[in-house]
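J.: You'll find start-v7.pdb just under this line, and it carries PDB, C-alpha atoms, pLDDT in the B column.
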ATOM      1  CA  MET A   1       5.026  12.832  16.122  1.00 40.00           C
ATOM      2  CA  SER A   2       6.088  12.287  12.546  1.00 45.00           C
ATOM      3  CA  GLU A   3       3.667  11.308   9.813  1.00 51.00           C
ATOM      4  CA  SER A   4       5.166   7.932   9.028  1.00 46.00           C
ATOM      5  CA  SER A   5       6.339   5.267  11.386  1.00 42.00           C
ATOM      6  CA  SER A   6       8.519   6.884  13.968  1.00 41.00           C
ATOM      7  CA  ALA A   7      12.148   5.881  13.594  1.00 42.00           C
ATOM      8  CA  ASP A   8      13.344   7.605  16.743  1.00 45.00           C
ATOM      9  CA  SER A   9      11.009   5.898  19.212  1.00 51.00           C
ATOM     10  CA  SER A  10      10.739   2.244  20.131  1.00 64.00           C
ATOM     11  CA  SER A  11       7.128   1.860  18.979  1.00 74.00           C
ATOM     12  CA  PRO A  12       5.724   2.777  15.566  1.00 81.00           C
ATOM     13  CA  THR A  13       3.164   5.536  15.163  1.00 85.00           C
ATOM     14  CA  LEU A  14      -0.364   4.188  15.179  1.00 90.00           C
ATOM     15  CA  TRP A  15      -3.050   5.848  13.092  1.00 93.00           C
ATOM     16  CA  ARG A  16      -6.815   6.082  13.256  1.00 92.00           C
ATOM     17  CA  VAL A  17      -9.338   6.993  10.569  1.00 94.00           C
ATOM     18  CA  LYS A  18     -12.551   8.937  11.171  1.00 92.00           C
ATOM     19  CA  LYS A  19     -15.007   8.359   8.340  1.00 93.00           C
ATOM     20  CA  ALA A  20     -16.635  11.542   7.042  1.00 92.00           C
ATOM     21  CA  SER A  21     -19.896   9.724   6.281  1.00 89.00           C
ATOM     22  CA  ASP A  22     -20.737   8.622   9.833  1.00 92.00           C
ATOM     23  CA  GLU A  23     -17.743   9.694  11.988  1.00 87.00           C
ATOM     24  CA  ALA A  24     -17.001   6.033  12.809  1.00 90.00           C
ATOM     25  CA  ILE A  25     -13.383   5.599  13.921  1.00 89.00           C
ATOM     26  CA  TYR A  26     -11.214   2.733  12.708  1.00 90.00           C
ATOM     27  CA  GLY A  27      -7.822   1.739  14.009  1.00 85.00           C
ATOM     28  CA  PRO A  28      -5.319   2.087  15.492  1.00 90.00           C
ATOM     29  CA  VAL A  29      -3.198   0.692  12.676  1.00 92.00           C
ATOM     30  CA  ASP A  30       0.408   1.145  11.602  1.00 92.00           C
ATOM     31  CA  ALA A  31       1.415   3.367   8.679  1.00 92.00           C
ATOM     32  CA  SER A  32       1.717   0.409   6.307  1.00 92.00           C
ATOM     33  CA  THR A  33      -1.859  -0.730   6.988  1.00 93.00           C
ATOM     34  CA  LEU A  34      -3.137   2.838   6.702  1.00 94.00           C
ATOM     35  CA  LYS A  35      -1.476   3.138   3.290  1.00 93.00           C
ATOM     36  CA  GLU A  36      -3.027  -0.187   2.212  1.00 93.00           C
ATOM     37  CA  TRP A  37      -6.448   1.159   3.205  1.00 94.00           C
ATOM     38  CA  ALA A  38      -5.873   4.303   1.148  1.00 93.00           C
ATOM     39  CA  ASN A  39      -4.728   2.262  -1.879  1.00 90.00           C
ATOM     40  CA  SER A  40      -7.749  -0.023  -1.719  1.00 90.00           C
ATOM     41  CA  ALA A  41     -10.331   2.808  -1.782  1.00 89.00           C
ATOM     42  CA  GLN A  42     -11.150   2.419   1.910  1.00 92.00           C
ATOM     43  CA  ILE A  43     -10.122   5.978   2.798  1.00 94.00           C
ATOM     44  CA  ALA A  44     -12.050   8.763   1.080  1.00 92.00           C
ATOM     45  CA  PRO A  45     -10.601  12.233   0.515  1.00 95.00           C
ATOM     46  CA  GLN A  46     -12.959  13.709   3.146  1.00 94.00           C
ATOM     47  CA  ASP A  47     -12.058  11.135   5.821  1.00 94.00           C
ATOM     48  CA  GLN A  48      -9.870  12.368   8.645  1.00 93.00           C
ATOM     49  CA  VAL A  49      -6.685  10.724   9.911  1.00 95.00           C
ATOM     50  CA  ASP A  50      -4.809  11.211  13.172  1.00 93.00           C
ATOM     51  CA  SER A  51      -2.195   9.525  15.315  1.00 87.00           C
ATOM     52  CA  ASN A  52      -3.100  11.022  18.696  1.00 81.00           C
ATOM     53  CA  ASP A  53      -6.749  12.254  18.633  1.00 72.00           C
ATOM     54  CA  GLU A  54      -5.533  15.850  18.817  1.00 80.00           C
ATOM     55  CA  GLN A  55      -4.808  16.811  15.209  1.00 87.00           C
ATOM     56  CA  TRP A  56      -7.353  15.220  12.922  1.00 92.00           C
ATOM     57  CA  ARG A  57      -6.533  16.112   9.313  1.00 93.00           C
ATOM     58  CA  VAL A  58      -8.189  15.200   6.038  1.00 93.00           C
ATOM     59  CA  ALA A  59      -6.487  12.135   4.587  1.00 93.00           C
ATOM     60  CA  PRO A  60      -4.867  13.833   1.537  1.00 94.00           C
ATOM     61  CA  GLU A  61      -2.827  16.004   3.929  1.00 92.00           C
ATOM     62  CA  ILE A  62      -0.986  12.907   5.173  1.00 91.00           C
ATOM     63  CA  GLN A  63       2.028  12.851   2.840  1.00 91.00           C
ATOM     64  CA  PHE A  64       2.859   9.145   2.880  1.00 92.00           C
ATOM     65  CA  LEU A  65      -0.659   8.184   1.736  1.00 94.00           C
ATOM     66  CA  ASP A  66       0.158   9.611  -1.734  1.00 90.00           C
ATOM     67  CA  MET A  67      -3.354  10.921  -2.348  1.00 93.00           C
ATOM     68  CA  HIS A  68      -2.506  13.166  -5.297  1.00 93.00           C
ATOM     69  CA  TRP A  69      -4.994  12.429  -8.109  1.00 93.00           C
ATOM     70  CA  LEU A  70      -8.371  13.911  -9.120  1.00 93.00           C
ATOM     71  CA  VAL A  71     -10.771  12.187 -11.546  1.00 93.00           C
ATOM     72  CA  LYS A  72     -14.234  12.838 -12.921  1.00 91.00           C
ATOM     73  CA  LEU A  73     -16.734  10.145 -12.038  1.00 88.00           C
ATOM     74  CA  PRO A  74     -20.007   9.569 -13.890  1.00 84.00           C
ATOM     75  CA  GLY A  75     -22.277  12.600 -13.563  1.00 86.00           C
ATOM     76  CA  ASP A  76     -19.239  14.919 -13.710  1.00 86.00           C
ATOM     77  CA  GLU A  77     -18.549  14.489  -9.990  1.00 89.00           C
ATOM     78  CA  VAL A  78     -14.882  15.281  -9.277  1.00 92.00           C
ATOM     79  CA  TYR A  79     -13.380  12.780  -6.835  1.00 92.00           C
ATOM     80  CA  GLY A  80     -10.142  13.186  -4.947  1.00 91.00           C
ATOM     81  CA  PRO A  81      -7.459  13.711  -4.259  1.00 94.00           C
ATOM     82  CA  THR A  82      -6.990   9.982  -4.049  1.00 93.00           C
ATOM     83  CA  THR A  83      -4.397   7.274  -4.624  1.00 93.00           C
ATOM     84  CA  VAL A  84      -3.419   5.397  -7.765  1.00 91.00           C
ATOM     85  CA  GLY A  85      -4.586   2.220  -6.015  1.00 90.00           C
ATOM     86  CA  THR A  86      -8.051   3.738  -5.657  1.00 91.00           C
ATOM     87  CA  LEU A  87      -8.053   4.613  -9.362  1.00 92.00           C
ATOM     88  CA  ARG A  88      -7.295   0.950 -10.122  1.00 90.00           C
ATOM     89  CA  GLU A  89     -10.232  -0.047  -7.885  1.00 90.00           C
ATOM     90  CA  PHE A  90     -12.502   2.420  -9.723  1.00 91.00           C
ATOM     91  CA  ILE A  91     -11.553   0.852 -13.066  1.00 89.00           C
ATOM     92  CA  THR A  92     -12.320  -2.606 -11.680  1.00 89.00           C
ATOM     93  CA  GLU A  93     -15.705  -1.336 -10.482  1.00 90.00           C
ATOM     94  CA  GLY A  94     -16.412   0.283 -13.863  1.00 90.00           C
ATOM     95  CA  LEU A  95     -16.688   3.821 -12.441  1.00 90.00           C
ATOM     96  CA  ILE A  96     -13.963   5.081 -14.790  1.00 92.00           C
ATOM     97  CA  ASN A  97     -11.995   3.666 -17.708  1.00 90.00           C
ATOM     98  CA  GLU A  98      -8.402   3.829 -18.891  1.00 88.00           C
ATOM     99  CA  LYS A  99      -9.147   6.866 -21.074  1.00 91.00           C
ATOM    100  CA  THR A 100     -10.414   8.873 -18.088  1.00 91.00           C
ATOM    101  CA  LEU A 101      -8.118  11.797 -17.339  1.00 91.00           C
ATOM    102  CA  ALA A 102      -6.411  11.952 -13.951  1.00 92.00           C
ATOM    103  CA  THR A 103      -5.089  15.310 -12.744  1.00 92.00           C
ATOM    104  CA  HIS A 104      -2.204  15.640 -10.287  1.00 91.00           C
ATOM    105  CA  VAL A 105      -3.205  18.131  -7.581  1.00 91.00           C
ATOM    106  CA  LYS A 106       0.268  19.638  -7.170  1.00 90.00           C
ATOM    107  CA  THR A 107       1.437  19.894 -10.781  1.00 89.00           C
ATOM    108  CA  ASN A 108      -2.018  20.229 -12.384  1.00 90.00           C
ATOM    109  CA  GLN A 109      -0.854  17.832 -15.136  1.00 89.00           C
ATOM    110  CA  SER A 110      -3.612  15.694 -16.652  1.00 89.00           C
ATOM    111  CA  LEU A 111      -3.169  12.416 -18.469  1.00 89.00           C
ATOM    112  CA  PRO A 112      -5.177   9.306 -19.298  1.00 91.00           C
ATOM    113  CA  ILE A 113      -5.191   6.768 -16.495  1.00 90.00           C
ATOM    114  CA  ALA A 114      -3.687   4.137 -18.808  1.00 89.00           C
ATOM    115  CA  ALA A 115      -0.655   6.416 -19.312  1.00 87.00           C
ATOM    116  CA  LEU A 116      -0.416   7.010 -15.557  1.00 87.00           C
ATOM    117  CA  PHE A 117      -0.431   3.265 -14.850  1.00 88.00           C
ATOM    118  CA  ALA A 118       2.104   2.638 -17.613  1.00 86.00           C
ATOM    119  CA  ALA A 119       4.384   5.339 -16.190  1.00 84.00           C
ATOM    120  CA  LEU A 120       4.153   3.890 -12.690  1.00 83.00           C
ATOM    121  CA  ASP A 121       4.891   0.380 -13.928  1.00 82.00           C
ATOM    122  CA  PHE A 122       7.787   1.732 -15.992  1.00 82.00           C
ATOM    123  CA  GLU A 123       9.121   3.639 -12.971  1.00 79.00           C
ATOM    124  CA  LYS A 124       9.003   0.490 -10.824  1.00 80.00           C
ATOM    125  CA  LYS A 125      10.983  -1.450 -13.427  1.00 80.00           C
ATOM    126  CA  ARG A 126      13.387   1.433 -13.888  1.00 77.00           C
ATOM    127  CA  ALA A 127      13.933   1.739 -10.142  1.00 74.00           C
ATOM    128  CA  LEU A 128      15.040  -1.882 -10.012  1.00 77.00           C
ATOM    129  CA  ARG A 129      17.715  -1.218 -12.671  1.00 74.00           C
ATOM    130  CA  ARG A 130      18.679   2.327 -11.709  1.00 60.00           C
ATOM    131  CA  PRO A 131      21.805   3.132  -9.738  1.00 58.00           C
ATOM    132  CA  PRO A 132      20.737   4.459  -6.323  1.00 56.00           C
ATOM    133  CA  LYS A 133      21.924   8.055  -6.867  1.00 50.00           C
ATOM    134  CA  GLU A 134      20.336   8.655 -10.283  1.00 45.00           C
ATOM    135  CA  ASP A 135      18.045  11.669 -10.339  1.00 54.00           C
ATOM    136  CA  LYS A 136      14.394  10.715 -10.246  1.00 59.00           C
ATOM    137  CA  LYS A 137      11.677  12.301 -12.332  1.00 63.00           C
ATOM    138  CA  SER A 138       8.246  12.609 -10.822  1.00 68.00           C
ATOM    139  CA  THR A 139       5.697   9.970 -11.757  1.00 68.00           C
ATOM    140  CA  ALA A 140       3.504  12.652 -13.262  1.00 70.00           C
ATOM    141  CA  SER A 141       6.272  13.955 -15.535  1.00 73.00           C
ATOM    142  CA  LEU A 142       7.164  10.398 -16.582  1.00 74.00           C
ATOM    143  CA  ALA A 143       3.527   9.719 -17.355  1.00 76.00           C
ATOM    144  CA  VAL A 144       3.257  12.891 -19.423  1.00 78.00           C
ATOM    145  CA  GLU A 145       6.440  11.961 -21.337  1.00 79.00           C
ATOM    146  CA  MET A 146       5.091   8.473 -21.994  1.00 79.00           C
ATOM    147  CA  ALA A 147       1.727   9.879 -23.094  1.00 80.00           C
ATOM    148  CA  LYS A 148       3.533  12.258 -25.481  1.00 83.00           C
ATOM    149  CA  ASP A 149       5.628   9.393 -26.877  1.00 82.00           C
ATOM    150  CA  GLN A 150       2.513   7.290 -27.338  1.00 85.00           C
ATOM    151  CA  ARG A 151       0.744  10.180 -29.099  1.00 86.00           C
ATOM    152  CA  ILE A 152       3.773  10.763 -31.356  1.00 88.00           C
ATOM    153  CA  ARG A 153       3.828   7.061 -32.306  1.00 87.00           C
ATOM    154  CA  GLN A 154       0.088   7.213 -33.063  1.00 89.00           C
ATOM    155  CA  LEU A 155       0.494  10.355 -35.180  1.00 89.00           C
ATOM    156  CA  GLU A 156       3.405   8.768 -37.078  1.00 90.00           C
ATOM    157  CA  GLU A 157       1.273   5.690 -37.773  1.00 90.00           C
ATOM    158  CA  ASP A 158      -1.634   7.898 -38.899  1.00 91.00           C
ATOM    159  CA  LEU A 159       0.757   9.807 -41.190  1.00 92.00           C
ATOM    160  CA  ARG A 160       2.021   6.531 -42.736  1.00 92.00           C
ATOM    161  CA  GLU A 161      -1.576   5.468 -43.403  1.00 93.00           C
ATOM    162  CA  LEU A 162      -2.443   8.834 -44.936  1.00 94.00           C
ATOM    163  CA  ARG A 163       0.642   8.683 -47.176  1.00 94.00           C
ATOM    164  CA  LYS A 164      -0.345   5.204 -48.359  1.00 94.00           C
ATOM    165  CA  GLU A 165      -3.852   6.437 -49.075  1.00 94.00           C
ATOM    166  CA  HIS A 166      -2.464   9.498 -50.878  1.00 94.00           C
ATOM    167  CA  GLU A 167      -0.132   7.350 -53.002  1.00 94.00           C
ATOM    168  CA  SER A 168      -3.010   5.038 -53.849  1.00 94.00           C
ATOM    169  CA  LEU A 169      -5.209   7.963 -54.894  1.00 94.00           C
ATOM    170  CA  VAL A 170      -2.406   9.511 -56.979  1.00 94.00           C
ATOM    171  CA  HIS A 171      -1.874   6.138 -58.684  1.00 93.00           C
ATOM    172  CA  LYS A 172      -5.610   5.812 -59.420  1.00 93.00           C
ATOM    173  CA  TYR A 173      -5.670   9.377 -60.749  1.00 92.00           C
ATOM    174  CA  ARG A 174      -2.775   8.634 -63.102  1.00 92.00           C
ATOM    175  CA  GLN A 175      -4.432   5.441 -64.305  1.00 91.00           C
ATOM    176  CA  LEU A 176      -7.710   7.233 -64.959  1.00 91.00           C
ATOM    177  CA  THR A 177      -5.876  10.050 -66.762  1.00 90.00           C
ATOM    178  CA  LEU A 178      -4.105   7.489 -68.973  1.00 89.00           C
ATOM    179  CA  GLN A 179      -7.350   5.662 -69.632  1.00 87.00           C
ATOM    180  CA  LEU A 180      -9.025   8.907 -70.541  1.00 88.00           C
ATOM    181  CA  GLN A 181      -6.165   9.834 -72.874  1.00 85.00           C
ATOM    182  CA  ASP A 182      -6.097   6.339 -74.385  1.00 82.00           C
ATOM    183  CA  GLY A 183      -9.867   6.400 -74.775  1.00 77.00           C
ATOM    184  CA  THR A 184      -9.799   9.662 -76.725  1.00 69.00           C
ATOM    185  CA  LYS A 185      -6.798   8.804 -78.960  1.00 61.00           C
ATOM    186  CA  PRO A 186      -8.172   5.672 -80.620  1.00 51.00           C
ATOM    187  CA  LYS A 187     -11.475   7.334 -81.403  1.00 50.00           C
ATOM    188  CA  ALA A 188      -9.675  10.294 -82.918  1.00 46.00           C
ATOM    189  CA  ALA A 189      -7.365   7.944 -84.851  1.00 48.00           C
ATOM    190  CA  ILE A 190     -10.317   5.908 -86.117  1.00 50.00           C
ATOM    191  CA  ALA A 191     -12.133   9.024 -87.199  1.00 50.00           C
ATOM    192  CA  LYS A 192      -9.156  10.161 -89.274  1.00 49.00           C
ATOM    193  CA  LYS A 193      -8.615   6.847 -91.124  1.00 49.00           C
ATOM    194  CA  PRO A 194     -11.739   6.591 -93.307  1.00 50.00           C
TER     195      PRO A 194
END
The structure given in the file should be rewritten as structure tokens.

T.:
Amino acid sequence: MSESSSADSSSPTLWRVKKASDEAIYGPVDASTLKEWANSAQIAPQDQVDSNDEQWRVAPEIQFLDMHWLVKLPGDEVYGPTTVGTLREFITEGLINEKTLATHVKTNQSLPIAALFAALDFEKKRALRRPPKEDKKSTASLAVEMAKDQRIRQLEEDLRELRKEHESLVHKYRQLTLQLQDGTKPKAAIAKKP
């Protein structure tokens, strides 16, 4: 059977989940429900998934679940691979924050979760406007590009601030130099007059 809902048979593929913690089995459910479970942090990376009780596999091996991201939790525990939906749940629960780095297991690219979310949101909007045959970039590469752009904008802003500060210091230096010169000239002029 295929991993996602079977298009060639009259009934969809039904999936079951075996929890790693206690080996409790949940399901059967359709592929859409299984994906919802994965995106709502209800399927852990160690949990097993199967459609026929003969080929239990760890959840990240099921392609359509999109469990591609690793993160460090408090105490330096590495969690994953998991879904973007789970990362959103972890932020809500306070386990991670938007500055936490997420690493894609296939590309090994790391980026802050805020950049990952921004890239995904951007990709959704772009997909609505994009002609159907336009080449797609991976979400990870889009996120990295957006993170680079954001960093460039921040560096440009920092540079503008440093230039302002430099100009201000140069101006103060010139004023102090003039004051020092003016302060020494009158005294020298006064000394020469009597």

J.: Which residues, named as in the file, does the PyMOL selection byres ((chain A and resi 10-22) around 6) pick out? Answer as a CSV table (one decimal) with C-alpha atoms, keeping the file's coordinate frame.

T.:
chain,number,residue,atom,x,y,z
A,5,SER,CA,6.3,5.3,11.4
A,6,SER,CA,8.5,6.9,14.0
A,9,SER,CA,11.0,5.9,19.2
A,23,GLU,CA,-17.7,9.7,12.0
A,24,ALA,CA,-17.0,6.0,12.8
A,25,ILE,CA,-13.4,5.6,13.9
A,26,TYR,CA,-11.2,2.7,12.7
A,27,GLY,CA,-7.8,1.7,14.0
A,28,PRO,CA,-5.3,2.1,15.5
A,29,VAL,CA,-3.2,0.7,12.7
A,30,ASP,CA,0.4,1.1,11.6
A,46,GLN,CA,-13.0,13.7,3.1
A,47,ASP,CA,-12.1,11.1,5.8
A,48,GLN,CA,-9.9,12.4,8.6
A,49,VAL,CA,-6.7,10.7,9.9
A,50,ASP,CA,-4.8,11.2,13.2
A,51,SER,CA,-2.2,9.5,15.3

J.: Go through A:Gln179, A:Thr86, A:Ser40, A:Ser141 one by one, measure the shortest atom-to-atom distance of each to Thr107 in chain A using only C-alpha atoms, and give the residue with the smallest value.

T.: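 That would be A:Ser141, the residue with the smallest distance to Thr107 in chain A.
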
J.: So the first atom is CA of Val71 in chain A and the second is CA of Leu101 in chain A; what is the distance between them in Å, to one decimal place?

T.: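 CA of Val71 in chain A sits 6.4 Å away from CA of Leu101 in chain A.
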
J.: Looking at A:Gly75, A:Gly80, A:Gly85, A:Gly94, which one is nearest to Leu120 in chain A, with distances taken over all atoms listed in the file?

T.: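 Once distances to Leu120 in chain A are computed over all atoms listed in the file, the minimum belongs to A:Gly85.
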
J.: Could you write out as a list in words the residues that the PyMOL selection byres ((chain A and resi 143) around 9) matches in the shown file?

T.: Leu111, Pro112, Ala115, Leu116, Phe117, Ala118, Ala119, Leu120, Ser138, Thr139, Ala140, Ser141, Leu142, Val144, Glu145, Met146, Ala147 and Lys148 of chain A

J.: What is the distance, in Å and to one decimal place, between CA of Gln63 in chain A and CA of Thr92 in chain A?

T.: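 Between CA of Gln63 in chain A and CA of Thr92 in chain A the gap works out to 25.6 Å.
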
J.: So how many Å separate CA of Phe122 in chain A and CA of His68 in chain A, to one decimal?

T.: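 Between CA of Phe122 in chain A and CA of His68 in chain A the gap works out to 18.7 Å.
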
J.: Could you check which of A:Leu73, A:His166, A:Ala44, A:Arg160 is closest to Asn97 in chain A, using only C-alpha atoms?

T.: A:Leu73
